[in-house]
Amino acid sequence: MNQPMSRLKLLMELFMVSTRLGLSSFGGPIAHLGYFHEEYIRRRKWMDEKSYADLVALCQFLPGPASSQVGIGIGVMRAGWIGGIVSFLGFTMPSVIALILFAILLQGIDVKDAGWIHGLKIVAVAVVAHAIMGMAQKLTPDLTKKAIALAVLVAMLIWPSTWVQVGLILAAAIFGFIYFKQEKKTEDSALSVQLSKRFAGICLALFFGLLIALPILREVTAYDWIALFDSFYRSGSLVFGGGHVVLPLLEQEFVPSGWITKEDFLAGYGATQAVPGPLFTFAAYLGAVMGGWTGGLLATAAIFLPAFLLILGTLPFWDSLRRNPTFNGALQGVNAAVVGILIAAFYTPIWESSIGSPKDFAFGAVLFSMLVFWKLPPWVIVLTGAAGGFLLL
């Protein structure tokens with residue numbers, strides 16, 4: 001009886017922590033990685049810095065919402081595939097519920113420019129800055145890796161494109177493979193993945209099988225819910241770069257076909273900016289507008305399912321690869337590149353959309369100091385940011 005109880009306790013702890021993050025993680029995918037780093041790595045030490053960086057690097061390669069995949073991956077490593085589901089539900093469901101309610105009850109209310117939202121954007125600046133400092137210290141300890149991060153940062157700011165990002169990661173991997181392959185590992189980090197390779201293979205087969213079968217099934221049937229599921233599943237499968245990139249795909253899927261008006265689409269996007277959690281939960285709003293609360297839940301399941309199948313399908317193989325000395329050199333190059341990508345994303349859109357005046361900068365400095373020097377918990381920073389936002393606008 002002891003083992004089931006301890007496992008239940010582990011899952012409950014995972015759910016409580018991920019739910020708290022789901023209620024407080026504002027600012028988009030890069031900010032979410034900062035919140036995860038603060039809670040899971042710095043405070044709870046569920047993973048070491050190297051394993052977290054490797055997980056982030058993997059999720060940068062995969063299509064889908066990178067921050068959600070990192071959260072699922074942490075849940076999997078903590079408590080198996082059930083832990084991945086629990087972690088996902090905790091982080092995602094608060095914003096899903098809020099957006100479904102907004103779609104049903106609150107259309108027409110403009111909350112995106114509220115003072116507390118502005119304050120929470122400044123919170124994201126402080127959290128991301130703290131996370132980048134910690135990751136840069138670990139992942140770019142020498143001048144060569146600092147140079148990789150700098151080159152990626154400059155390229156991303158000059159050519160801000162998803163495909164440029166993918167190309168830079170590949171280039172950094174090739175450089176790392178050549179330059180760092182003889183370098184001795186300085187850290188023996190254990191990545192515990194409680195999944196078999198057979199299970200992972202099934203997940204990957206299911207991912208590609210659904211991607212092929214759903215459009216065919218949509219054509220041969222007349223069921224609206226199959227068409228809805230197919231559109232959201234395809235959007236979640238073919239997107240690199242996070243939530244903002246999926247918006248044009250979703251608009252193309254649903255606005256021209258008349259499933260949703262452009263006005264309702266934009267209203268939902270504004271509401272999505274006002275809630276914590278992943279931007280992919282915008283699908284919950286769209287589904288609820290088109291099919292009530294059941295449509296919202298169906299759309300949420302469809303758009304996140306590819307991310308789930310991909311992270312479950314790649315983690316066991318990733319663990320084997322990262323232990324290979326030659327591949328580890330490539331991974332060191334990728335990790336240095338990720339630091340550059342994070343700094344570029346810190347400037348745009350996080351800094352650009354948050355710091356617009358000396359008062360904003362001053363408030364951000366106060367929040368950063370509360371987090372870094374006084375080491376106050378993130379929820380205190382979030383509440384302070386929301387309250388302070390009223391005074392700034």
# chains A, B, ... in the order shown; residues from 1 in each chain; ligands from 1
$ residues_around --residues "Ile30 in chain A" --least-positions-apart "3" --cutoff "9 Å" --atoms "only C-alpha atoms" --output "PyMOL selection string"
chain A and resi 27+33-35+66-67+124+128+342+345-346+350
$ write_last_selection --atoms "N, CA and C atoms" --output "tab-separated table (two decimals), in the first residue's frame"
chain	number	residue	atom	x	y	z
A	27	GLY	N	3.03	35.95	-19.99
A	27	GLY	CA	4.14	36.46	-20.79
A	27	GLY	C	4.57	35.64	-21.98
A	33	LEU	N	9.24	29.29	-19.79
A	33	LEU	CA	10.49	28.58	-19.52
A	33	LEU	C	11.20	29.19	-18.32
A	34	GLY	N	11.06	30.51	-18.16
A	34	GLY	CA	11.64	31.17	-17.00
A	34	GLY	C	10.94	30.76	-15.71
A	35	TYR	N	9.62	30.70	-15.75
A	35	TYR	CA	8.86	30.27	-14.56
A	35	TYR	C	9.19	28.81	-14.22
A	66	ALA	N	6.51	24.84	-27.43
A	66	ALA	CA	7.73	24.38	-26.76
A	66	ALA	C	7.59	24.38	-25.24
A	67	SER	N	7.00	25.45	-24.67
A	67	SER	CA	6.92	25.51	-23.21
A	67	SER	C	6.02	24.41	-22.66
A	124	ALA	N	6.93	39.30	-16.33
A	124	ALA	CA	7.57	38.37	-17.27
A	124	ALA	C	8.99	38.82	-17.61
A	128	VAL	N	12.07	36.25	-16.89
A	128	VAL	CA	12.87	35.77	-18.02
A	128	VAL	C	14.32	36.22	-17.89
A	342	LEU	N	16.92	32.75	-26.63
A	342	LEU	CA	16.18	33.25	-25.47
A	342	LEU	C	16.41	34.74	-25.26
A	345	ALA	N	14.44	36.59	-27.91
A	345	ALA	CA	13.02	36.59	-27.57
A	345	ALA	C	12.74	37.47	-26.36
A	346	PHE	N	13.74	37.62	-25.48
A	346	PHE	CA	13.59	38.52	-24.33
A	346	PHE	C	13.42	39.96	-24.81
A	350	ILE	N	9.09	40.31	-25.59
A	350	ILE	CA	8.82	40.54	-24.16
A	350	ILE	C	9.17	41.97	-23.74
$ closest_residue --among "A:Leu279, A:Ala172, A:Ala288, A:Leu312" --to "Gly83 in chain A" --atoms "only C-alpha atoms"
A:Leu312
$ closest_atom_pairs --of "range 84-156 of chain A" --to "range 353-369 of chain A" --cutoff "10 Å" --atoms "only C-alpha atoms" --output "JSON lines"
{"residue": "A:Ile117", "atom": "CA", "partner": "A:Ser354", "partner_atom": "CA", "distance": 9.8}
{"residue": "A:His118", "atom": "CA", "partner": "A:Ser354", "partner_atom": "CA", "distance": 6.8}
{"residue": "A:Gly119", "atom": "CA", "partner": "A:Ser354", "partner_atom": "CA", "distance": 8.3}
{"residue": "A:Leu120", "atom": "CA", "partner": "A:Ser354", "partner_atom": "CA", "distance": 8.8}
{"residue": "A:Lys121", "atom": "CA", "partner": "A:Ser354", "partner_atom": "CA", "distance": 5.4}
{"residue": "A:Ile122", "atom": "CA", "partner": "A:Ser354", "partner_atom": "CA", "distance": 5.5}
{"residue": "A:Val123", "atom": "CA", "partner": "A:Leu367", "partner_atom": "CA", "distance": 6.7}
{"residue": "A:Ala124", "atom": "CA", "partner": "A:Ser354", "partner_atom": "CA", "distance": 8.5}
{"residue": "A:Val125", "atom": "CA", "partner": "A:Gly364", "partner_atom": "CA", "distance": 6.9}
{"residue": "A:Ala126", "atom": "CA", "partner": "A:Phe368", "partner_atom": "CA", "distance": 4.6}
{"residue": "A:Val127", "atom": "CA", "partner": "A:Phe368", "partner_atom": "CA", "distance": 7.1}
{"residue": "A:Val128", "atom": "CA", "partner": "A:Phe368", "partner_atom": "CA", "distance": 9.6}
{"residue": "A:Ala129", "atom": "CA", "partner": "A:Phe368", "partner_atom": "CA", "distance": 8.0}
{"residue": "A:His130", "atom": "CA", "partner": "A:Phe368", "partner_atom": "CA", "distance": 7.4}
$ select_by_dssp --residues "range 78-297 of chain A" --states "helix (DSSP H, G or I)" --output "NGL selection string"
:A and (78-105 or 115-139 or 143-158 or 162-179 or 197-220 or 224-237 or 243-254 or 262-273 or 279-297)
$ residues_around --residues "Gly90 in chain A" --least-positions-apart "2" --cutoff "6 Å" --atoms "only C-alpha atoms" --output "JSON list (two decimals) with all heavy atoms, in the first residue's frame"
[["chain", "number", "residue", "atom", "x", "y", "z"],
["A", 15, "PHE", "N", 0.64, 17.99, -9.63],
["A", 15, "PHE", "CA", -0.55, 18.70, -10.08],
["A", 15, "PHE", "C", -0.66, 20.07, -9.40],
["A", 15, "PHE", "O", -0.98, 21.07, -10.05],
["A", 15, "PHE", "CB", -1.79, 17.87, -9.79],
["A", 15, "PHE", "CG", -3.08, 18.51, -10.26],
["A", 15, "PHE", "CD1", -3.38, 18.57, -11.61],
["A", 15, "PHE", "CD2", -3.96, 19.06, -9.35],
["A", 15, "PHE", "CE1", -4.55, 19.17, -12.05],
["A", 15, "PHE", "CE2", -5.13, 19.66, -9.77],
["A", 15, "PHE", "CZ", -5.44, 19.71, -11.13],
["A", 18, "SER", "N", 2.14, 22.45, -10.85],
["A", 18, "SER", "CA", 1.88, 22.84, -12.24],
["A", 18, "SER", "C", 0.63, 23.73, -12.35],
["A", 18, "SER", "O", 0.58, 24.63, -13.18],
["A", 18, "SER", "CB", 1.74, 21.60, -13.13],
["A", 18, "SER", "OG", 0.68, 20.77, -12.70],
["A", 19, "THR", "N", -0.36, 23.47, -11.48],
["A", 19, "THR", "CA", -1.56, 24.32, -11.49],
["A", 19, "THR", "C", -1.21, 25.73, -11.03],
["A", 19, "THR", "O", -1.72, 26.72, -11.59],
["A", 19, "THR", "CB", -2.66, 23.73, -10.60],
["A", 19, "THR", "OG1", -3.01, 22.43, -11.08],
["A", 19, "THR", "CG2", -3.90, 24.61, -10.61],
["A", 87, "SER", "N", 0.91, 17.01, -15.28],
["A", 87, "SER", "CA", 1.60, 18.28, -15.44],
["A", 87, "SER", "C", 0.93, 19.14, -16.51],
["A", 87, "SER", "O", 0.76, 20.35, -16.33],
["A", 87, "SER", "CB", 3.07, 18.02, -15.81],
["A", 87, "SER", "OG", 3.75, 19.22, -16.03],
["A", 88, "PHE", "N", 0.55, 18.51, -17.61],
["A", 88, "PHE", "CA", -0.12, 19.24, -18.69],
["A", 88, "PHE", "C", -1.46, 19.80, -18.22],
["A", 88, "PHE", "O", -1.77, 20.97, -18.47],
["A", 88, "PHE", "CB", -0.34, 18.29, -19.88],
["A", 88, "PHE", "CG", -1.31, 18.81, -20.90],
["A", 88, "PHE", "CD1", -0.93, 19.79, -21.80],
["A", 88, "PHE", "CD2", -2.61, 18.33, -20.96],
["A", 88, "PHE", "CE1", -1.82, 20.28, -22.74],
["A", 88, "PHE", "CE2", -3.50, 18.81, -21.90],
["A", 88, "PHE", "CZ", -3.11, 19.79, -22.80],
["A", 92, "THR", "N", -2.32, 23.79, -18.06],
["A", 92, "THR", "CA", -3.13, 24.23, -19.20],
["A", 92, "THR", "C", -4.58, 24.54, -18.83],
["A", 92, "THR", "O", -5.18, 25.49, -19.37],
["A", 92, "THR", "CB", -3.12, 23.15, -20.30],
["A", 92, "THR", "OG1", -1.76, 22.83, -20.61],
["A", 92, "THR", "CG2", -3.81, 23.63, -21.55],
["A", 93, "MET", "N", -5.17, 23.77, -17.92],
["A", 93, "MET", "CA", -6.60, 23.88, -17.69],
["A", 93, "MET", "C", -7.07, 25.23, -17.14],
["A", 93, "MET", "O", -8.18, 25.67, -17.47],
["A", 93, "MET", "CB", -7.08, 22.74, -16.78],
["A", 93, "MET", "CG", -7.06, 21.37, -17.46],
["A", 93, "MET", "SD", -7.74, 21.33, -19.14],
["A", 93, "MET", "CE", -9.47, 21.68, -18.81]]
